[in-house]
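Have a look at query.cif below; it lists mmCIF, C-alpha atoms and all ligand atoms.
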data_protein
loop_
_atom_site.label_atom_id
_atom_site.label_comp_id
_atom_site.auth_asym_id
_atom_site.auth_seq_id
_atom_site.Cartn_x
_atom_site.Cartn_y
_atom_site.Cartn_z
CA MET A 1 -14.00 -28.62 12.21
CA SER A 2 -13.25 -31.92 10.48
CA LYS A 3 -16.24 -33.22 8.52
CA GLU A 4 -14.81 -36.74 8.19
CA PRO A 5 -17.60 -39.29 8.80
CA ASP A 6 -17.19 -41.86 11.60
CA ARG A 7 -16.74 -45.30 10.01
CA LEU A 8 -14.34 -46.59 12.69
CA PHE A 9 -16.54 -49.55 13.59
CA ALA A 10 -18.07 -50.21 10.14
CA GLN A 11 -15.92 -53.27 9.26
CA PRO A 12 -15.82 -56.47 11.37
CA LEU A 13 -12.91 -56.08 13.80
CA GLY A 14 -12.66 -59.60 15.21
CA GLN A 15 -11.44 -58.77 18.71
CA VAL A 16 -12.72 -55.20 19.31
CA PRO A 17 -9.99 -53.16 21.05
CA ASP A 18 -10.84 -50.92 24.02
CA PHE A 19 -11.93 -47.43 22.96
CA ALA A 20 -9.15 -44.81 23.13
CA PHE A 21 -9.06 -41.12 22.24
CA ASN A 22 -6.34 -41.67 19.62
CA GLU A 23 -5.58 -40.10 16.23
CA ASP A 24 -8.24 -42.22 14.45
CA VAL A 25 -10.95 -41.07 16.87
CA VAL A 26 -9.75 -37.44 16.70
CA ARG A 27 -10.23 -37.38 12.90
CA VAL A 28 -13.92 -38.36 13.14
CA PHE A 29 -14.76 -37.06 16.63
CA PRO A 30 -17.11 -34.15 15.72
CA ASP A 31 -19.22 -36.52 13.60
CA MET A 32 -18.99 -39.38 16.14
CA ILE A 33 -20.14 -37.41 19.17
CA LYS A 34 -22.97 -35.63 17.32
CA ARG A 35 -24.33 -38.94 15.96
CA SER A 36 -23.83 -40.79 19.29
CA VAL A 37 -24.94 -38.38 22.01
CA PRO A 38 -28.57 -37.23 21.76
CA GLY A 39 -28.77 -33.49 22.40
CA TYR A 40 -25.00 -32.89 22.17
CA PRO A 41 -25.17 -29.64 20.10
CA THR A 42 -27.90 -28.27 22.42
CA ILE A 43 -25.89 -29.15 25.52
CA VAL A 44 -22.68 -27.55 24.25
CA GLU A 45 -24.24 -24.28 23.11
CA ASN A 46 -26.37 -23.90 26.26
CA LEU A 47 -23.40 -24.77 28.45
CA GLY A 48 -22.00 -21.46 27.19
CA VAL A 49 -25.26 -19.67 28.00
CA LEU A 50 -25.36 -21.18 31.51
CA ALA A 51 -21.68 -20.44 32.09
CA ALA A 52 -22.26 -16.76 31.36
CA GLN A 53 -24.67 -16.70 34.35
CA PHE A 54 -22.15 -18.26 36.74
CA ALA A 55 -18.86 -16.73 35.54
CA GLN A 56 -17.27 -14.38 38.09
CA PRO A 57 -14.68 -11.73 37.21
CA ASN A 58 -11.00 -12.70 37.49
CA THR A 59 -11.55 -16.45 37.82
CA ALA A 60 -10.74 -19.52 35.72
CA LEU A 61 -13.31 -21.36 33.60
CA TYR A 62 -12.31 -25.02 33.25
CA ASP A 63 -13.16 -27.35 30.37
CA LEU A 64 -12.05 -30.75 31.74
CA GLY A 65 -11.65 -33.48 29.12
CA SER A 66 -11.89 -30.80 26.47
CA SER A 67 -11.34 -33.06 23.41
CA LEU A 68 -11.46 -30.72 20.41
CA GLY A 69 -12.56 -27.74 22.51
CA ALA A 70 -16.26 -27.57 21.60
CA VAL A 71 -17.13 -26.45 25.15
CA THR A 72 -14.19 -24.04 25.29
CA GLN A 73 -15.42 -22.43 22.07
CA ALA A 74 -18.96 -22.12 23.50
CA LEU A 75 -17.57 -20.55 26.70
CA ARG A 76 -15.68 -18.03 24.57
CA ARG A 77 -18.81 -17.24 22.50
CA HIS A 78 -20.94 -16.51 25.56
CA VAL A 79 -18.92 -15.42 28.62
CA ARG A 80 -18.14 -11.71 28.82
CA SER A 81 -16.92 -11.37 32.45
CA ASP A 82 -13.76 -9.32 32.96
CA GLY A 83 -10.47 -11.05 33.65
CA CYS A 84 -11.68 -14.62 33.04
CA ARG A 85 -9.47 -17.22 31.45
CA VAL A 86 -10.51 -20.56 29.95
CA ILE A 87 -8.37 -23.56 30.88
CA ALA A 88 -8.95 -26.60 28.65
CA VAL A 89 -7.37 -29.86 29.82
CA ASP A 90 -7.14 -33.23 28.10
CA ASN A 91 -4.71 -36.14 28.43
CA SER A 92 -4.95 -37.19 24.76
CA ALA A 93 -2.03 -35.64 22.85
CA ALA A 94 -3.89 -36.09 19.55
CA MET A 95 -6.97 -34.24 20.91
CA VAL A 96 -4.88 -31.41 22.38
CA GLU A 97 -2.95 -30.82 19.17
CA ARG A 98 -6.13 -30.56 17.06
CA CYS A 99 -7.90 -28.51 19.76
CA ARG A 100 -5.13 -25.88 19.63
CA GLN A 101 -5.54 -25.63 15.84
CA TYR A 102 -9.31 -25.10 16.14
CA LEU A 103 -8.88 -22.43 18.83
CA THR A 104 -6.32 -20.58 16.70
CA ALA A 105 -8.94 -20.60 13.92
CA GLN A 106 -11.56 -19.22 16.36
CA ASP A 107 -9.08 -16.48 17.39
CA SER A 108 -8.58 -15.46 13.78
CA MET A 109 -12.35 -15.15 13.17
CA PHE A 110 -13.47 -13.30 16.32
CA GLN A 111 -12.05 -10.46 18.38
CA GLU A 112 -12.03 -9.96 22.16
CA LEU A 113 -12.40 -13.63 22.99
CA LEU A 114 -11.39 -14.80 26.47
CA PRO A 115 -7.76 -15.99 26.60
CA VAL A 116 -7.37 -19.76 26.69
CA ASP A 117 -4.69 -22.22 27.87
CA VAL A 118 -4.84 -25.72 26.44
CA ILE A 119 -3.06 -28.12 28.76
CA GLU A 120 -2.10 -31.69 27.88
CA GLY A 121 -2.46 -33.40 31.24
CA ASP A 122 -4.42 -35.62 33.59
CA ILE A 123 -7.34 -33.83 35.25
CA LEU A 124 -6.75 -36.08 38.30
CA ALA A 125 -3.34 -34.42 38.81
CA LEU A 126 -4.44 -30.84 38.11
CA GLU A 127 -3.77 -28.00 40.60
CA PHE A 128 -6.99 -26.01 40.35
CA GLN A 129 -6.94 -22.20 40.38
CA PRO A 130 -9.90 -20.29 41.84
CA ALA A 131 -12.69 -21.05 39.37
CA SER A 132 -16.26 -19.97 38.72
CA VAL A 133 -17.24 -22.46 36.00
CA VAL A 134 -16.07 -26.05 35.68
CA ALA A 135 -17.41 -28.11 32.77
CA LEU A 136 -17.14 -31.90 32.76
CA ASN A 137 -18.90 -32.62 29.47
CA PHE A 138 -19.01 -36.43 29.08
CA THR A 139 -15.63 -36.83 30.81
CA LEU A 140 -16.37 -38.11 34.34
CA GLN A 141 -17.72 -41.38 32.88
CA PHE A 142 -14.17 -42.15 31.62
CA ILE A 143 -12.58 -41.59 35.07
CA ALA A 144 -12.15 -44.72 37.22
CA PRO A 145 -15.21 -44.88 39.52
CA GLU A 146 -13.08 -44.91 42.70
CA GLN A 147 -11.39 -41.63 41.64
CA ARG A 148 -14.58 -39.68 40.91
CA LEU A 149 -15.41 -38.47 44.44
CA ALA A 150 -11.92 -37.06 45.11
CA LEU A 151 -11.91 -35.24 41.76
CA LEU A 152 -15.32 -33.68 42.45
CA GLY A 153 -14.13 -32.71 45.93
CA ARG A 154 -11.16 -30.83 44.49
CA ILE A 155 -13.41 -29.12 41.93
CA ARG A 156 -15.76 -28.09 44.74
CA GLN A 157 -12.83 -26.59 46.70
CA SER A 158 -11.77 -24.52 43.66
CA LEU A 159 -15.23 -23.05 43.04
CA ARG A 160 -15.90 -19.45 44.17
CA PRO A 161 -19.30 -18.38 45.52
CA GLY A 162 -21.73 -17.84 42.64
CA GLY A 163 -19.95 -20.37 40.43
CA ALA A 164 -21.06 -23.82 39.24
CA LEU A 165 -19.98 -27.21 38.00
CA ILE A 166 -21.79 -28.32 34.86
CA LEU A 167 -21.68 -32.11 34.55
CA SER A 168 -22.94 -33.97 31.47
CA GLU A 169 -22.99 -37.78 31.42
CA LYS A 170 -24.49 -40.85 29.87
CA LEU A 171 -26.81 -42.32 32.54
CA ARG A 172 -27.69 -45.79 33.65
CA PHE A 173 -30.98 -46.45 35.44
CA ASN A 174 -31.65 -48.58 38.50
CA ASP A 175 -35.11 -49.48 37.21
CA THR A 176 -34.52 -52.33 34.73
CA GLU A 177 -37.47 -51.41 32.53
CA GLU A 178 -36.46 -47.73 32.33
CA HIS A 179 -32.84 -48.72 31.60
CA GLY A 180 -33.92 -51.12 28.85
CA LEU A 181 -36.31 -48.65 27.23
CA LEU A 182 -33.85 -45.73 27.14
CA THR A 183 -31.01 -48.01 25.95
CA ASP A 184 -33.21 -49.28 23.09
CA LEU A 185 -34.22 -45.72 22.21
CA HIS A 186 -30.54 -44.68 22.18
CA VAL A 187 -29.84 -47.52 19.73
CA ALA A 188 -32.75 -46.23 17.59
CA PHE A 189 -31.16 -42.73 17.73
CA LYS A 190 -27.84 -44.16 16.48
CA ARG A 191 -29.59 -46.15 13.74
CA ALA A 192 -31.48 -43.04 12.62
CA ASN A 193 -28.10 -41.29 12.40
CA GLY A 194 -26.83 -43.88 9.93
CA TYR A 195 -24.96 -46.34 12.17
CA SER A 196 -25.36 -50.02 11.25
CA GLU A 197 -26.11 -52.81 13.73
CA LEU A 198 -22.44 -53.88 13.44
CA GLU A 199 -21.15 -50.37 14.17
CA ILE A 200 -23.46 -50.07 17.17
CA ALA A 201 -22.46 -53.50 18.56
CA GLN A 202 -18.70 -53.02 18.06
CA LYS A 203 -18.77 -49.51 19.59
CA ARG A 204 -20.66 -50.96 22.58
CA SER A 205 -17.90 -53.58 23.12
CA ALA A 206 -15.17 -50.95 22.64
CA ILE A 207 -16.53 -48.65 25.36
CA GLU A 208 -17.83 -51.19 27.90
CA ASN A 209 -14.50 -51.54 29.76
CA VAL A 210 -13.51 -47.88 29.65
CA MET A 211 -16.75 -45.95 30.15
CA LYS A 212 -18.77 -46.61 33.30
CA PRO A 213 -21.97 -44.55 33.56
CA ASP A 214 -23.63 -43.85 36.92
CA SER A 215 -27.30 -43.28 37.72
CA LEU A 216 -28.71 -39.82 38.40
CA GLU A 217 -29.10 -40.82 42.07
CA GLU A 218 -25.42 -41.84 42.29
CA HIS A 219 -24.36 -38.53 40.73
CA ARG A 220 -26.52 -36.53 43.11
CA GLU A 221 -25.32 -38.37 46.22
CA ARG A 222 -21.67 -38.16 45.20
CA LEU A 223 -21.90 -34.44 44.38
CA LEU A 224 -23.48 -33.74 47.78
CA GLU A 225 -20.79 -35.86 49.46
CA ALA A 226 -18.13 -33.85 47.59
CA GLY A 227 -19.50 -30.70 49.24
CA PHE A 228 -21.88 -29.30 46.63
CA SER A 229 -25.01 -27.79 48.17
CA LYS A 230 -27.52 -28.27 45.34
CA VAL A 231 -27.80 -30.46 42.23
CA VAL A 232 -30.16 -29.33 39.46
CA PRO A 233 -30.66 -31.36 36.26
CA TRP A 234 -31.18 -28.89 33.39
CA PHE A 235 -31.22 -31.25 30.38
CA GLN A 236 -32.02 -34.86 29.57
CA CYS A 237 -32.42 -36.52 26.19
CA LEU A 238 -32.91 -40.29 26.42
CA ASN A 239 -30.04 -41.69 28.55
CA PHE A 240 -27.88 -38.55 28.40
CA ALA A 241 -28.22 -35.72 30.91
CA SER A 242 -26.56 -32.58 32.15
CA LEU A 243 -26.60 -31.27 35.73
CA ILE A 244 -25.74 -28.00 37.42
CA ALA A 245 -24.03 -28.47 40.80
CA LEU A 246 -23.79 -25.40 43.02
CA PRO A 247 -21.01 -24.91 45.61
C1 LIG B 1 -16.22 -37.84 25.51
S1 LIG B 1 -14.80 -36.89 25.46
C2 LIG B 1 -15.30 -35.26 26.00
C3 LIG B 1 -16.05 -34.46 24.97
C4 LIG B 1 -15.85 -32.97 25.08
N1 LIG B 1 -15.90 -32.48 26.45
C5 LIG B 1 -16.88 -32.27 24.25
O1 LIG B 1 -17.84 -31.73 24.82
O2 LIG B 1 -16.75 -32.27 23.00
C6 LIG B 1 -13.83 -37.34 26.89
C7 LIG B 1 -12.48 -36.68 26.87
O3 LIG B 1 -11.91 -36.81 28.18
C8 LIG B 1 -10.53 -37.03 28.04
N2 LIG B 1 -10.05 -37.65 29.29
C9 LIG B 1 -10.39 -38.86 29.79
N3 LIG B 1 -9.76 -39.08 30.97
C10 LIG B 1 -9.01 -37.96 31.21
C11 LIG B 1 -8.12 -37.58 32.25
N4 LIG B 1 -7.89 -38.37 33.30
N5 LIG B 1 -7.49 -36.37 32.18
C12 LIG B 1 -7.72 -35.57 31.11
N6 LIG B 1 -8.55 -35.88 30.09
C13 LIG B 1 -9.20 -37.06 30.14
C14 LIG B 1 -10.39 -37.89 26.79
O4 LIG B 1 -9.09 -37.84 26.24
C15 LIG B 1 -11.47 -37.29 25.90
O5 LIG B 1 -10.94 -36.32 25.02
O1 LIG B 2 -22.75 -44.49 24.56
C1 LIG B 2 -22.34 -44.47 23.43
O2 LIG B 2 -22.69 -45.31 22.62
C2 LIG B 2 -21.43 -43.42 23.01
O3 LIG B 2 -20.95 -43.50 21.91
C3 LIG B 2 -21.20 -42.34 23.92
C4 LIG B 2 -19.90 -41.59 23.81
C5 LIG B 2 -19.87 -40.60 25.01
O4 LIG B 2 -20.85 -40.48 25.72
O5 LIG B 2 -18.84 -39.95 25.17
C6 LIG B 2 -18.75 -42.46 23.91
C7 LIG B 2 -17.58 -42.24 23.26
C8 LIG B 2 -17.42 -41.13 22.30
O6 LIG B 2 -16.69 -40.13 22.93
C9 LIG B 2 -18.69 -40.52 21.92
C10 LIG B 2 -19.85 -40.79 22.58
#
Translate this structure into C-alpha cells?
Amino acid sequence: MSKEPDRLFAQPLGQVPDFAFNEDVVRVFPDMIKRSVPGYPTIVENLGVLAAQFAQPNTALYDLGSSLGAVTQALRRHVRSDGCRVIAVDNSAAMVERCRQYLTAQDSMFQELLPVDVIEGDILALEFQPASVVALNFTLQFIAPEQRLALLGRIRQSLRPGGALILSEKLRFNDTEEHGLLTDLHVAFKRANGYSELEIAQKRSAIENVMKPDSLEEHRERLLEAGFSKVVPWFQCLNFASLIALP
C-alpha cells in the first residue's frame, strides 16, 4: 500500500474544487481515509470477520465502491466458504487500476484466497448476481440521495437467506447539539492526526457538494423500506458508524 502522506489540501487553493476520486486522491488514499475516518481500520478488519458469518457457499460477495480494495482484501483474509467469489466495483478508473495491482500483490503473498473480479463500473447500473455479503463501506454517502433507495432495493433482491448488507457511513444527527458535538470531536480527531485548520476547512468545502450523509434514523427507515427485515448497528466512533442489514 502507498505510504504517501495526504497533503492535498495543505496549500491555499483559492476556489476549492469538488472532491473527486482521481489520480491525486488515489496516491494518498490509504493515509487520507485512515486519518479522516475514526475507526476505519477496525471497521475494515471486522467487516471481514462479520462477512465470514454471513457468507453462503456458491454466492457472490460484493465490495461496492471498493476504492483500493481494502474491504476486498479483508473479505479474502476471513471468508472460507466454498465457491464464493468477491466482486469489487468502482467507477474511478484510477482507483480500479491501483486496486488490481494491490490484489495481485495479495495473490502473490497468500494461497487459496477467494477469486476476485475487479469491475470498473457504476454500482447503480450493476446486474447483481445472487449474493450473501454486500459491503457498502463509505460509498452510499457519495450516491445521489434520490438514487439510494432503488440501489438498496436491488441489493436486497440479490441477497440470499442468511446473508447481509454491511453499510458504513458518516452520520449526521437530527439533534443540533449532538450534531455539533460529534462534528467538533471529528475535527479534533483530524487535528490529532496532523491535519491543519486549513486542510480541514478546504476538505470540508471539497466534499460538501458531493458527499451527503444521512442520519441513523434515515438509514434505518430507508433500509426497511428497501425490504430489509432488521437493521443492527455494530460500530460507531464519533460521527461514523457501520450497520448490519438483514434480508
Ligand atoms: C470513500 S470511498 C470507499 C472506501 C472503500 N470502500 C474502503 O473501505 O477503503 C468511495 C468510493 O466509491 C466510489 N464510487 C462513488 N460512486 C460510485 C458509483 N456510482 N459506482 C461505483 N463506485 C462509486 C468512489 O470512486 C470511491 O472509490
Ligand atoms: O468527513 C470527512 O471529513 C471525510 O474526510 C470523510 C471521507 C469519507 O467518509 O469517505 C471523505 C472522503 C475521503 O474518501 C475520505 C474520508
Give me, as a VMD selection string, all polymer residues having an atom no more than 8 Å from A:Phe54, counting all atoms listed in the file and skipping those fewer than 6 positions away in the same chain.
chain A and resid 132 to 133 162 to 164
Output the selection as a JSON list (two decimals), in the coordinates of the input - C-alpha atoms for each residue.
[["chain", "number", "residue", "atom", "x", "y", "z"],
["A", 132, "SER", "CA", -16.26, -19.97, 38.72],
["A", 133, "VAL", "CA", -17.24, -22.46, 36.00],
["A", 162, "GLY", "CA", -21.73, -17.84, 42.64],
["A", 163, "GLY", "CA", -19.95, -20.37, 40.43],
["A", 164, "ALA", "CA", -21.06, -23.82, 39.24]]
Expressed in Å to a single decimal, how great is the separation between atom CA of A:Ala93 and atom CA of A:Ala74?
21.7 Å
Taking into account all atoms listed in the file, which residue in the set A:Gln236, A:Ser36, A:Gln147, A:Ser196 is nearest to ligand LIG 2 (chain B)?
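Distance minimum relative to ligand LIG 2 (chain B) lands on A:Ser36.
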Test item: residues at most 6 Å from stretch 65-69 of chain A, only C-alpha atoms, excluding those fewer than 3 positions along its chain, as an MDAnalysis selection string
chainID A and resid 72 88:90 95 99 139
For the atom pair atom CA of A:Val210 and atom CA of A:Asp24, what is the interatomic distance in Å to one decimal place?
17.1 Å
Taking the point (-5.8, -29.1, 38.9) as given in the file, collect each protein or nucleic acid residue that comes within 8 Å of it, counting only C-alpha atoms, and present the set as a ChimeraX atom specification.
/A:123-129,154
Could you build a table of the residues in chain A lying no more than 10 Å from ligand LIG 2 (chain B), giving for each the nearest pair of atoms and their separation in Å rounded to one decimal place, using only C-alpha atoms and all ligand atoms, ordered by chain and ascending residue number, as JSON lines?
{"residue": "A:Phe19", "atom": "CA", "partner": "B:LIG2", "partner_atom": "C7", "distance": 7.7}
{"residue": "A:Ala20", "atom": "CA", "partner": "B:LIG2", "partner_atom": "C7", "distance": 8.8}
{"residue": "A:Phe21", "atom": "CA", "partner": "B:LIG2", "partner_atom": "O6", "distance": 7.7}
{"residue": "A:Val25", "atom": "CA", "partner": "B:LIG2", "partner_atom": "O6", "distance": 8.4}
{"residue": "A:Val26", "atom": "CA", "partner": "B:LIG2", "partner_atom": "O6", "distance": 9.7}
{"residue": "A:Phe29", "atom": "CA", "partner": "B:LIG2", "partner_atom": "O6", "distance": 7.3}
{"residue": "A:Pro30", "atom": "CA", "partner": "B:LIG2", "partner_atom": "C9", "distance": 9.0}
{"residue": "A:Asp31", "atom": "CA", "partner": "B:LIG2", "partner_atom": "C9", "distance": 9.2}
{"residue": "A:Met32", "atom": "CA", "partner": "B:LIG2", "partner_atom": "C9", "distance": 5.9}
{"residue": "A:Ile33", "atom": "CA", "partner": "B:LIG2", "partner_atom": "C9", "distance": 4.4}
{"residue": "A:Lys34", "atom": "CA", "partner": "B:LIG2", "partner_atom": "C9", "distance": 8.0}
{"residue": "A:Arg35", "atom": "CA", "partner": "B:LIG2", "partner_atom": "C10", "distance": 8.2}
{"residue": "A:Ser36", "atom": "CA", "partner": "B:LIG2", "partner_atom": "O3", "distance": 4.7}
{"residue": "A:Val37", "atom": "CA", "partner": "B:LIG2", "partner_atom": "C10", "distance": 5.7}
{"residue": "A:Pro38", "atom": "CA", "partner": "B:LIG2", "partner_atom": "C3", "distance": 9.2}
{"residue": "A:Tyr40", "atom": "CA", "partner": "B:LIG2", "partner_atom": "O4", "distance": 9.4}
{"residue": "A:Ser67", "atom": "CA", "partner": "B:LIG2", "partner_atom": "O6", "distance": 8.9}
{"residue": "A:Asn137", "atom": "CA", "partner": "B:LIG2", "partner_atom": "O5", "distance": 8.5}
{"residue": "A:Phe138", "atom": "CA", "partner": "B:LIG2", "partner_atom": "O5", "distance": 5.3}
{"residue": "A:Thr139", "atom": "CA", "partner": "B:LIG2", "partner_atom": "O5", "distance": 7.2}
{"residue": "A:Leu140", "atom": "CA", "partner": "B:LIG2", "partner_atom": "O5", "distance": 9.7}
{"residue": "A:Gln141", "atom": "CA", "partner": "B:LIG2", "partner_atom": "O4", "distance": 7.9}
{"residue": "A:Phe142", "atom": "CA", "partner": "B:LIG2", "partner_atom": "O5", "distance": 8.3}
{"residue": "A:Ser168", "atom": "CA", "partner": "B:LIG2", "partner_atom": "O4", "distance": 8.9}
{"residue": "A:Glu169", "atom": "CA", "partner": "B:LIG2", "partner_atom": "O4", "distance": 6.7}
{"residue": "A:Lys170", "atom": "CA", "partner": "B:LIG2", "partner_atom": "O4", "distance": 5.5}
{"residue": "A:Leu171", "atom": "CA", "partner": "B:LIG2", "partner_atom": "O1", "distance": 9.2}
{"residue": "A:Thr183", "atom": "CA", "partner": "B:LIG2", "partner_atom": "O1", "distance": 9.1}
{"residue": "A:His186", "atom": "CA", "partner": "B:LIG2", "partner_atom": "O2", "distance": 7.9}
{"residue": "A:Val187", "atom": "CA", "partner": "B:LIG2", "partner_atom": "O2", "distance": 8.0}
{"residue": "A:Lys190", "atom": "CA", "partner": "B:LIG2", "partner_atom": "O2", "distance": 8.1}
{"residue": "A:Glu199", "atom": "CA", "partner": "B:LIG2", "partner_atom": "O2", "distance": 10.0}
{"residue": "A:Ile200", "atom": "CA", "partner": "B:LIG2", "partner_atom": "O2", "distance": 7.3}
{"residue": "A:Ala201", "atom": "CA", "partner": "B:LIG2", "partner_atom": "O2", "distance": 9.1}
{"residue": "A:Gln202", "atom": "CA", "partner": "B:LIG2", "partner_atom": "O2", "distance": 9.8}
{"residue": "A:Lys203", "atom": "CA", "partner": "B:LIG2", "partner_atom": "O2", "distance": 6.5}
{"residue": "A:Arg204", "atom": "CA", "partner": "B:LIG2", "partner_atom": "O2", "distance": 6.0}
{"residue": "A:Ser205", "atom": "CA", "partner": "B:LIG2", "partner_atom": "O2", "distance": 9.6}
{"residue": "A:Ala206", "atom": "CA", "partner": "B:LIG2", "partner_atom": "C7", "distance": 9.1}
{"residue": "A:Ile207", "atom": "CA", "partner": "B:LIG2", "partner_atom": "C6", "distance": 6.7}
{"residue": "A:Glu208", "atom": "CA", "partner": "B:LIG2", "partner_atom": "O1", "distance": 9.0}
{"residue": "A:Val210", "atom": "CA", "partner": "B:LIG2", "partner_atom": "C7", "distance": 9.4}
{"residue": "A:Met211", "atom": "CA", "partner": "B:LIG2", "partner_atom": "C6", "distance": 7.4}
{"residue": "A:Lys212", "atom": "CA", "partner": "B:LIG2", "partner_atom": "O1", "distance": 9.8}
{"residue": "A:Pro213", "atom": "CA", "partner": "B:LIG2", "partner_atom": "O4", "distance": 8.9}
{"residue": "A:Asn239", "atom": "CA", "partner": "B:LIG2", "partner_atom": "O1", "distance": 8.8}
{"residue": "A:Phe240", "atom": "CA", "partner": "B:LIG2", "partner_atom": "O4", "distance": 7.8}
So the first atom is atom CA of A:His219 and the second is atom CA of A:Asp175; what is the distance between them in Å, to one decimal place?
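For atom CA of A:His219 relative to atom CA of A:Asp175, the distance reads 15.7 Å.
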Taking all atoms listed in the file into account, name the residue in A:Ala70, A:Val231, A:Ala10, A:Cys237 that is nearest to ligand LIG 1 (chain B).
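For ligand LIG 1 (chain B), the nearest of the given residues is A:Ala70.
The residue that comes closest to ligand LIG 1 (chain B), out of A:Val118, A:Val16, A:Leu216, A:Leu182 and on the basis of all atoms listed in the file, is A:Val118.
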Step by step: start from the point (-30.7, -46.7, 35.8) in the file's coordinates, keep every protein, DNA or RNA residue that has an atom no farther than 9 Å from it, count only C-alpha atoms, and write the set as a VMD selection string.
chain A and resid 171 to 180 214 to 217 239
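Take the candidates A:Glu23, A:Asp122, A:Asp63, A:Glu45 and check each one against ligand LIG 1 (chain B) using all atoms listed in the file; the shortest distance goes to A:Asp122.
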Which residue gives the smallest distance to A:Glu221 among A:Leu152, A:Ala192, A:Val86, A:Val134, with only C-alpha atoms counted?
A:Leu152
